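Trainee: What follows is the file input-v2.pdb, containing PDB, C-alpha atoms:
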ATOM      1  CA  MET A   1     272.799 -37.608 144.157
ATOM      2  CA  SER A   2     271.363 -35.129 141.776
ATOM      3  CA  ARG A   3     273.447 -34.170 138.799
ATOM      4  CA  SER A   4     274.293 -30.556 138.203
ATOM      5  CA  PRO A   5     272.653 -29.045 135.130
ATOM      6  CA  PRO A   6     274.733 -29.099 131.976
ATOM      7  CA  GLU A   7     276.750 -26.011 131.307
ATOM      8  CA  VAL A   8     275.033 -23.717 128.881
ATOM      9  CA  ARG A   9     277.462 -22.030 126.561
ATOM     10  CA  ARG A  10     276.715 -18.913 124.558
ATOM     11  CA  PRO A  11     276.863 -19.499 120.825
ATOM     12  CA  VAL A  12     280.064 -18.148 119.374
ATOM     13  CA  PRO A  13     279.270 -15.623 116.626
ATOM     14  CA  ALA A  14     280.572 -16.511 113.212
ATOM     15  CA  ALA A  15     283.700 -14.605 112.347
ATOM     16  CA  VAL A  16     283.195 -11.769 109.914
ATOM     17  CA  ARG A  17     285.255 -12.457 106.829
ATOM     18  CA  ASP A  18     288.061  -9.986 106.284
ATOM     19  CA  GLU A  19     288.088  -9.621 102.496
ATOM     20  CA  ALA A  20     291.136  -7.359 102.646
ATOM     21  CA  ALA A  21     293.196 -10.233 104.079
ATOM     22  CA  ASP A  22     292.517 -12.462 101.054
ATOM     23  CA  GLY A  23     295.014 -12.751  98.240
ATOM     24  CA  ASP A  24     294.099 -11.522  94.773
ATOM     25  CA  GLU A  25     293.437 -15.043  93.511
ATOM     26  CA  GLU A  26     291.126 -15.731  96.437
ATOM     27  CA  LEU A  27     289.258 -12.505  95.783
ATOM     28  CA  LEU A  28     288.802 -13.401  92.133
ATOM     29  CA  ALA A  29     287.473 -16.825  93.087
ATOM     30  CA  ARG A  30     284.970 -15.163  95.429
ATOM     31  CA  ILE A  31     284.019 -12.630  92.749
ATOM     32  CA  ALA A  32     283.380 -15.522  90.368
ATOM     33  CA  ALA A  33     281.041 -16.907  93.035
ATOM     34  CA  GLY A  34     279.166 -13.597  93.154
ATOM     35  CA  SER A  35     280.771 -11.753  96.076
ATOM     36  CA  GLN A  36     280.404  -7.995  95.689
ATOM     37  CA  ALA A  37     282.434  -7.525  98.877
ATOM     38  CA  ALA A  38     285.363  -9.290  97.205
ATOM     39  CA  LEU A  39     285.007  -7.031  94.177
ATOM     40  CA  SER A  40     285.065  -3.967  96.434
ATOM     41  CA  ALA A  41     288.199  -5.282  98.140
ATOM     42  CA  LEU A  42     289.919  -5.852  94.797
ATOM     43  CA  MET A  43     288.934  -2.348  93.650
ATOM     44  CA  ALA A  44     290.299  -0.831  96.855
ATOM     45  CA  ARG A  45     293.558  -2.731  96.413
ATOM     46  CA  HIS A  46     294.211  -2.101  92.717
ATOM     47  CA  GLY A  47     291.930   0.731  91.626
ATOM     48  CA  ARG A  48     294.360   3.545  92.336
ATOM     49  CA  GLY A  49     297.251   1.885  90.512
ATOM     50  CA  LEU A  50     295.082   1.069  87.500
ATOM     51  CA  ARG A  51     293.765   4.655  87.343
ATOM     52  CA  THR A  52     297.305   6.046  87.511
ATOM     53  CA  PHE A  53     298.448   3.712  84.734
ATOM     54  CA  ALA A  54     295.456   4.573  82.537
ATOM     55  CA  ALA A  55     295.718   8.325  83.176
ATOM     56  CA  ARG A  56     299.398   8.395  82.253
ATOM     57  CA  TYR A  57     298.823   6.324  79.151
ATOM     58  CA  LEU A  58     295.800   8.296  77.966
ATOM     59  CA  GLY A  59     296.778  11.715  79.336
ATOM     60  CA  HIS A  60     293.171  12.243  80.379
ATOM     61  CA  ALA A  61     291.867  11.692  83.926
ATOM     62  CA  ALA A  62     288.187  11.347  82.986
ATOM     63  CA  ASP A  63     288.991   8.740  80.325
ATOM     64  CA  ALA A  64     291.123   6.855  82.844
ATOM     65  CA  GLU A  65     288.229   6.762  85.318
ATOM     66  CA  ASP A  66     285.921   5.405  82.613
ATOM     67  CA  VAL A  67     288.500   2.777  81.678
ATOM     68  CA  VAL A  68     288.882   1.539  85.250
ATOM     69  CA  GLN A  69     285.116   1.310  85.658
ATOM     70  CA  GLU A  70     285.009  -0.804  82.492
ATOM     71  CA  VAL A  71     287.859  -2.950  83.812
ATOM     72  CA  PHE A  72     286.029  -3.873  87.008
ATOM     73  CA  VAL A  73     282.793  -4.516  85.125
ATOM     74  CA  THR A  74     284.837  -6.947  83.023
ATOM     75  CA  VAL A  75     286.350  -8.493  86.157
ATOM     76  CA  TRP A  76     282.873  -8.982  87.629
ATOM     77  CA  LYS A  77     281.705 -10.743  84.464
ATOM     78  CA  GLN A  78     284.843 -12.728  83.667
ATOM     79  CA  ALA A  79     286.458 -13.555  87.002
ATOM     80  CA  ALA A  80     285.720 -17.246  86.456
ATOM     81  CA  ARG A  81     287.984 -17.155  83.376
ATOM     82  CA  PHE A  82     291.035 -16.145  85.369
ATOM     83  CA  ASP A  83     293.656 -18.909  85.330
ATOM     84  CA  ALA A  84     296.201 -18.571  88.129
ATOM     85  CA  GLY A  85     298.398 -21.092  86.339
ATOM     86  CA  ARG A  86     298.912 -18.745  83.394
ATOM     87  CA  ALA A  87     299.285 -15.298  85.002
ATOM     88  CA  ARG A  88     299.233 -13.448  88.281
ATOM     89  CA  ALA A  89     295.998 -11.680  89.138
ATOM     90  CA  SER A  90     297.669  -8.262  89.010
ATOM     91  CA  THR A  91     299.096  -9.038  85.558
ATOM     92  CA  TRP A  92     295.620 -10.062  84.383
ATOM     93  CA  LEU A  93     294.130  -6.808  85.684
ATOM     94  CA  TYR A  94     296.746  -4.649  83.989
ATOM     95  CA  ARG A  95     296.368  -6.566  80.728
ATOM     96  CA  ILE A  96     292.622  -5.862  80.745
ATOM     97  CA  THR A  97     293.346  -2.216  81.553
ATOM     98  CA  ALA A  98     295.894  -1.919  78.743
ATOM     99  CA  ASN A  99     293.401  -3.347  76.259
ATOM    100  CA  ARG A 100     290.682  -0.949  77.461
ATOM    101  CA  CYS A 101     293.136   1.952  77.167
ATOM    102  CA  ILE A 102     293.837   1.032  73.559
ATOM    103  CA  ASP A 103     290.098   0.866  72.873
ATOM    104  CA  GLN A 104     289.552   4.216  74.587
ATOM    105  CA  ARG A 105     292.372   5.836  72.645
ATOM    106  CA  ARG A 106     290.873   4.618  69.385
ATOM    107  CA  ARG A 107     287.452   5.939  70.392
ATOM    108  CA  ARG A 108     288.949   9.323  71.261
ATOM    109  CA  ALA A 109     290.902   9.407  67.989
ATOM    110  CA  LEU A 110     287.697   8.734  66.089
ATOM    111  CA  ARG A 111     285.792  11.389  68.044
ATOM    112  CA  ASN A 112     288.501  13.994  67.469
ATOM    113  CA  PHE A 113     288.935  13.101  63.821
ATOM    114  CA  PHE A 114     285.249  13.308  63.017
ATOM    115  CA  GLY A 115     284.813  16.553  64.944
ATOM    116  CA  LEU A 116     282.644  15.152  67.718
ATOM    117  CA  ASP A 117     282.409  17.101  70.955
ATOM    118  CA  ASP A 118     285.159  16.194  73.413
ATOM    119  CA  ILE A 119     284.394  14.721  76.824
ATOM    120  CA  SER A 120     284.621  17.215  79.682
ATOM    121  CA  GLU A 121     287.819  17.192  81.718
ATOM    122  CA  GLU A 122     285.884  17.774  84.953
ATOM    123  CA  PRO A 123     285.085  14.708  87.062
ATOM    124  CA  ALA A 124     281.462  13.664  87.102
ATOM    125  CA  ALA A 125     279.315  11.518  89.365
ATOM    126  CA  PRO A 126     279.392   7.765  88.654
ATOM    127  CA  GLU A 127     275.862   7.993  87.241
ATOM    128  CA  ALA A 128     276.935  10.755  84.876
ATOM    129  CA  ASN A 129     280.030   8.785  83.854
ATOM    130  CA  ALA A 130     277.850   5.778  83.068
ATOM    131  CA  GLU A 131     275.464   7.925  81.026
ATOM    132  CA  THR A 132     278.385   9.545  79.189
ATOM    133  CA  ALA A 133     279.924   6.165  78.394
ATOM    134  CA  THR A 134     276.577   4.862  77.124
ATOM    135  CA  ALA A 135     276.069   7.961  74.973
ATOM    136  CA  ALA A 136     279.605   7.649  73.590
ATOM    137  CA  ARG A 137     279.023   4.006  72.650
ATOM    138  CA  GLN A 138     275.768   4.916  70.922
ATOM    139  CA  GLU A 139     277.443   7.754  69.059
ATOM    140  CA  LEU A 140     280.296   5.560  67.910
ATOM    141  CA  ALA A 141     277.809   2.917  66.784
ATOM    142  CA  ILE A 142     276.202   5.609  64.609
ATOM    143  CA  VAL A 143     279.665   6.528  63.259
ATOM    144  CA  ARG A 144     280.339   2.885  62.398
ATOM    145  CA  ASP A 145     276.966   2.683  60.671
ATOM    146  CA  GLY A 146     277.778   5.866  58.763
ATOM    147  CA  LEU A 147     281.162   4.470  57.748
ATOM    148  CA  SER A 148     279.519   1.335  56.390
ATOM    149  CA  ARG A 149     277.342   3.503  54.128
ATOM    150  CA  LEU A 150     280.243   5.422  52.583
ATOM    151  CA  PRO A 151     281.720   4.604  49.191
ATOM    152  CA  GLU A 152     284.557   2.128  49.651
ATOM    153  CA  ARG A 153     287.419   4.509  48.866
ATOM    154  CA  GLN A 154     286.095   7.219  51.193
ATOM    155  CA  ARG A 155     285.751   4.643  53.973
ATOM    156  CA  MET A 156     289.279   3.323  53.381
ATOM    157  CA  ALA A 157     290.815   6.814  53.389
ATOM    158  CA  LEU A 158     289.003   7.797  56.589
ATOM    159  CA  LEU A 159     290.001   4.632  58.433
ATOM    160  CA  LEU A 160     293.625   4.878  57.337
ATOM    161  CA  ARG A 161     293.688   8.459  58.638
ATOM    162  CA  ALA A 162     291.685   8.036  61.854
ATOM    163  CA  VAL A 163     292.633   4.535  62.975
ATOM    164  CA  GLY A 164     295.914   3.960  61.161
ATOM    165  CA  GLU A 165     297.019   7.551  61.890
ATOM    166  CA  LEU A 166     298.668   7.769  58.464
ATOM    167  CA  ASP A 167     299.403  11.115  56.864
ATOM    168  CA  ILE A 168     298.073  12.148  53.456
ATOM    169  CA  GLY A 169     301.195  10.984  51.619
ATOM    170  CA  ALA A 170     301.147   7.546  53.226
ATOM    171  CA  ILE A 171     297.438   7.098  52.513
ATOM    172  CA  ALA A 172     298.055   8.054  48.891
ATOM    173  CA  GLU A 173     300.749   5.369  48.666
ATOM    174  CA  VAL A 174     298.521   2.713  50.236
ATOM    175  CA  MET A 175     295.594   3.546  47.964
ATOM    176  CA  GLY A 176     297.605   4.201  44.809
ATOM    177  CA  ALA A 177     296.134   7.692  44.510
ATOM    178  CA  SER A 178     297.372  11.262  44.442
ATOM    179  CA  ALA A 179     297.549  13.355  47.605
ATOM    180  CA  GLY A 180     294.889  15.671  46.178
ATOM    181  CA  SER A 181     292.529  12.769  45.574
ATOM    182  CA  VAL A 182     293.020  11.550  49.139
ATOM    183  CA  GLU A 183     292.258  15.006  50.530
ATOM    184  CA  GLN A 184     289.013  15.096  48.547
ATOM    185  CA  LEU A 185     288.060  11.628  49.767
ATOM    186  CA  LEU A 186     288.632  12.725  53.371
ATOM    187  CA  VAL A 187     286.644  15.955  52.960
ATOM    188  CA  ARG A 188     283.679  14.184  51.368
ATOM    189  CA  GLY A 189     283.768  11.300  53.840
ATOM    190  CA  ARG A 190     283.847  13.595  56.874
ATOM    191  CA  ARG A 191     280.995  15.674  55.488
ATOM    192  CA  ALA A 192     278.883  12.586  54.841
ATOM    193  CA  LEU A 193     279.532  11.245  58.335
ATOM    194  CA  ARG A 194     278.614  14.534  59.997
ATOM    195  CA  ASP A 195     275.395  14.639  57.973
ATOM    196  CA  HIS A 196     274.676  11.071  59.082
ATOM    197  CA  LEU A 197     275.243  12.022  62.733
ATOM    198  CA  ALA A 198     273.016  15.080  62.400
ATOM    199  CA  ASP A 199     270.223  12.980  60.879
ATOM    200  CA  ALA A 200     270.552  10.441  63.712
ATOM    201  CA  ALA A 201     270.407  13.230  66.315
ATOM    202  CA  ARG A 202     267.244  14.640  64.749
ATOM    203  CA  GLY A 203     265.750  11.160  64.761
ATOM    204  CA  ARG A 204     266.462  10.780  68.506
ATOM    205  CA  GLU A 205     264.901  14.170  69.212
ATOM    206  CA  ARG A 206     261.724  13.205  67.351
ATOM    207  CA  LYS A 207     261.485   9.958  69.346
ATOM    208  CA  SER A 208     261.980  11.727  72.684
ATOM    209  CA  SER A 209     259.421  14.463  71.940
TER     210      SER A 209
END
Could you render the structure from this file as structure tokens?
Mentor:
Amino acid sequence: MSRSPPEVRRPVPAAVRDEAADGDEELLARIAAGSQAALSALMARHGRGLRTFAARYLGHAADAEDVVQEVFVTVWKQAARFDAGRARASTWLYRITANRCIDQRRRRALRNFFGLDDISEEPAAPEANAETATAARQELAIVRDGLSRLPERQRMALLLRAVGELDIGAIAEVMGASAGSVEQLLVRGRRALRDHLADAARGRERKSS
């Protein structure tokens, strides 16, 4: 008796992973392993909440968008450092966002204090946002370099005013100086920094031409 041929079964296609069904901790583990799809799922899940938090803290929608972009770049790079035993994933994300907001607020305070052009309120394309963020970092690096070149008392007065947000009277108390002396230190320090920025801008123009 001849045997019937074995049944041929169609191969069952592998199930497509549903990233959206994963928990936050699972997504972070997959991000740590290099999954861009997991990063996209985490962004879709938490991006709106993080932007709302940042915008309300900073009072500036464009800054909030930049902050959230920085947050997810950090998540991509540092997901392997997340420890589920110490914090929830959402808590970790908001802590990163809060720290980036503080950094952004300090950068904006420095820009405003030193008379640098403000960032446009209008939303820009991601490429433009990236270019703006890069330009801002370069500009602030020039400011830091300029600060390091100032006489010590000018540098101290400027930092107490811009970063410490102290008024003239408080700075005078900290430095053991008169209010008039502090005002002169601030005027001279600002002027020197603006000259330093102008020189750096001319240098960039010469290199690009």
Trainee: Between A:Lys207, A:Arg153, A:Arg108, A:Arg161, which residue has the minimum interatomic distance to A:Leu185, considering only C-alpha atoms?
Mentor: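 Checking each of A:Lys207, A:Arg153, A:Arg108, A:Arg161 against A:Leu185, counting only C-alpha atoms, the winner is A:Arg153.
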Trainee: Restricting the calculation to only C-alpha atoms: of A:Leu27, A:Ala64, A:Val182, A:Ile96, which residue gets closest to A:Ala44?
Mentor: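 For A:Ala44, the nearest of the given residues is A:Leu27.
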Trainee: Within 12 Å of stretch 190-198 of chain A, counting all atoms listed in the file, which residues qualify if same-chain residues fewer than 3 places away don't, as a ChimeraX atom specification?
Mentor: /A:110-117,138-151,154-155,157-159,161-162,183-187,201-205
Trainee: Using C-alpha atoms, can you export the residues from the last selection as an mmCIF file, keeping the file's coordinate frame?
Mentor:
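Result saved to out.cif:
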data_model
loop_
_atom_site.group_PDB
_atom_site.id
_atom_site.type_symbol
_atom_site.label_atom_id
_atom_site.label_comp_id
_atom_site.auth_asym_id
_atom_site.auth_seq_id
_atom_site.Cartn_x
_atom_site.Cartn_y
_atom_site.Cartn_z
ATOM 1 C CA LEU A 110 287.697 8.734 66.089
ATOM 2 C CA ARG A 111 285.792 11.389 68.044
ATOM 3 C CA ASN A 112 288.501 13.994 67.469
ATOM 4 C CA PHE A 113 288.935 13.101 63.821
ATOM 5 C CA PHE A 114 285.249 13.308 63.017
ATOM 6 C CA GLY A 115 284.813 16.553 64.944
ATOM 7 C CA LEU A 116 282.644 15.152 67.718
ATOM 8 C CA ASP A 117 282.409 17.101 70.955
ATOM 9 C CA GLN A 138 275.768 4.916 70.922
ATOM 10 C CA GLU A 139 277.443 7.754 69.059
ATOM 11 C CA LEU A 140 280.296 5.560 67.910
ATOM 12 C CA ALA A 141 277.809 2.917 66.784
ATOM 13 C CA ILE A 142 276.202 5.609 64.609
ATOM 14 C CA VAL A 143 279.665 6.528 63.259
ATOM 15 C CA ARG A 144 280.339 2.885 62.398
ATOM 16 C CA ASP A 145 276.966 2.683 60.671
ATOM 17 C CA GLY A 146 277.778 5.866 58.763
ATOM 18 C CA LEU A 147 281.162 4.470 57.748
ATOM 19 C CA SER A 148 279.519 1.335 56.390
ATOM 20 C CA ARG A 149 277.342 3.503 54.128
ATOM 21 C CA LEU A 150 280.243 5.422 52.583
ATOM 22 C CA PRO A 151 281.720 4.604 49.191
ATOM 23 C CA GLN A 154 286.095 7.219 51.193
ATOM 24 C CA ARG A 155 285.751 4.643 53.973
ATOM 25 C CA ALA A 157 290.815 6.814 53.389
ATOM 26 C CA LEU A 158 289.003 7.797 56.589
ATOM 27 C CA LEU A 159 290.001 4.632 58.433
ATOM 28 C CA ARG A 161 293.688 8.459 58.638
ATOM 29 C CA ALA A 162 291.685 8.036 61.854
ATOM 30 C CA GLU A 183 292.258 15.006 50.530
ATOM 31 C CA GLN A 184 289.013 15.096 48.547
ATOM 32 C CA LEU A 185 288.060 11.628 49.767
ATOM 33 C CA LEU A 186 288.632 12.725 53.371
ATOM 34 C CA VAL A 187 286.644 15.955 52.960
ATOM 35 C CA ALA A 201 270.407 13.230 66.315
ATOM 36 C CA ARG A 202 267.244 14.640 64.749
ATOM 37 C CA GLY A 203 265.750 11.160 64.761
ATOM 38 C CA ARG A 204 266.462 10.780 68.506
ATOM 39 C CA GLU A 205 264.901 14.170 69.212
#
Trainee: Could you state the separation of atom CA of A:Leu166 and atom CA of A:Thr97 in Å, given to one decimal place?
Mentor: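 Here the two named atoms are 25.7 Å from each other.
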Trainee: Give the answer as one residue: which of A:Met156, A:Gly164, A:Ala62, A:Val73 has the shortest atom-to-atom distance to A:Arg106, using only C-alpha atoms?
Mentor: A:Gly164
Trainee: For A:Phe53, which of A:Val68, A:Leu28, A:Ala41, A:Ala109 is the closest residue, counting all atoms listed in the file?
Mentor: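 Smallest distance to A:Phe53 is found for A:Val68.
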Trainee: Expressed in Å to a single decimal, how great is the separation between atom CA of A:Val71 and atom CA of A:Leu93?
Mentor: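 Atom-to-atom, atom CA of A:Val71 to atom CA of A:Leu93, that is 7.6 Å.
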Trainee: For the point (288.1, -2.8, 98.4) in the file's frame, write as a ChimeraX atom specification all residues with an atom no more than 12 Å away, counting only C-alpha atoms.
Mentor: /A:18-22,24,27,35-48,72
Trainee: Written as an MDAnalysis selection string, which residues does the PyMOL selection byres ((chain A and resi 82) around 12) give for the file shown?
Mentor: chainID A and resid 24:32 74:81 83:93 95:96
Trainee: Take the residues that were just selected and, keeping C-alpha atoms, output them as an mmCIF file, in the coordinates of the input.
Mentor:
data_model
loop_
_atom_site.group_PDB
_atom_site.id
_atom_site.type_symbol
_atom_site.label_atom_id
_atom_site.label_comp_id
_atom_site.auth_asym_id
_atom_site.auth_seq_id
_atom_site.Cartn_x
_atom_site.Cartn_y
_atom_site.Cartn_z
ATOM 1 C CA ASP A 24 294.099 -11.522 94.773
ATOM 2 C CA GLU A 25 293.437 -15.043 93.511
ATOM 3 C CA GLU A 26 291.126 -15.731 96.437
ATOM 4 C CA LEU A 27 289.258 -12.505 95.783
ATOM 5 C CA LEU A 28 288.802 -13.401 92.133
ATOM 6 C CA ALA A 29 287.473 -16.825 93.087
ATOM 7 C CA ARG A 30 284.970 -15.163 95.429
ATOM 8 C CA ILE A 31 284.019 -12.630 92.749
ATOM 9 C CA ALA A 32 283.380 -15.522 90.368
ATOM 10 C CA THR A 74 284.837 -6.947 83.023
ATOM 11 C CA VAL A 75 286.350 -8.493 86.157
ATOM 12 C CA TRP A 76 282.873 -8.982 87.629
ATOM 13 C CA LYS A 77 281.705 -10.743 84.464
ATOM 14 C CA GLN A 78 284.843 -12.728 83.667
ATOM 15 C CA ALA A 79 286.458 -13.555 87.002
ATOM 16 C CA ALA A 80 285.720 -17.246 86.456
ATOM 17 C CA ARG A 81 287.984 -17.155 83.376
ATOM 18 C CA ASP A 83 293.656 -18.909 85.330
ATOM 19 C CA ALA A 84 296.201 -18.571 88.129
ATOM 20 C CA GLY A 85 298.398 -21.092 86.339
ATOM 21 C CA ARG A 86 298.912 -18.745 83.394
ATOM 22 C CA ALA A 87 299.285 -15.298 85.002
ATOM 23 C CA ARG A 88 299.233 -13.448 88.281
ATOM 24 C CA ALA A 89 295.998 -11.680 89.138
ATOM 25 C CA SER A 90 297.669 -8.262 89.010
ATOM 26 C CA THR A 91 299.096 -9.038 85.558
ATOM 27 C CA TRP A 92 295.620 -10.062 84.383
ATOM 28 C CA LEU A 93 294.130 -6.808 85.684
ATOM 29 C CA ARG A 95 296.368 -6.566 80.728
ATOM 30 C CA ILE A 96 292.622 -5.862 80.745
#
Trainee: Tell me, in Å to one decimal, how far atom CA of A:Leu58 is from atom CA of A:Ala200.
Mentor: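 Atom CA of A:Ala200 lies at a distance of 29.1 Å from atom CA of A:Leu58.
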Trainee: Which one is closest to A:His60: A:Ala170, A:Glu152, A:Arg105, A:Gly189? Count all atoms listed in the file.
Mentor: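 Looking at the shortest contact to A:His60, the residue is A:Arg105.
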Trainee: Listed atoms of stretch 102-114 of chain A, axis-aligned box, 4 Å per side: centre and edge lengths to one decimal in Å, as lines of an AutoDock Vina configuration file?
Mentor:
center_x = 289.5
center_y = 7.4
center_z = 68.8
size_x = 16.6
size_y = 21.1
size_z = 19.6
Trainee: Go through A:Arg100, A:Gly23, A:Gly49, A:Tyr94 one by one, measure the shortest atom-to-atom distance of each to A:Glu70 using all atoms listed in the file, and give the residue with the smallest value.
Mentor: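 Using all atoms listed in the file, the shortest distance to A:Glu70 belongs to A:Arg100.
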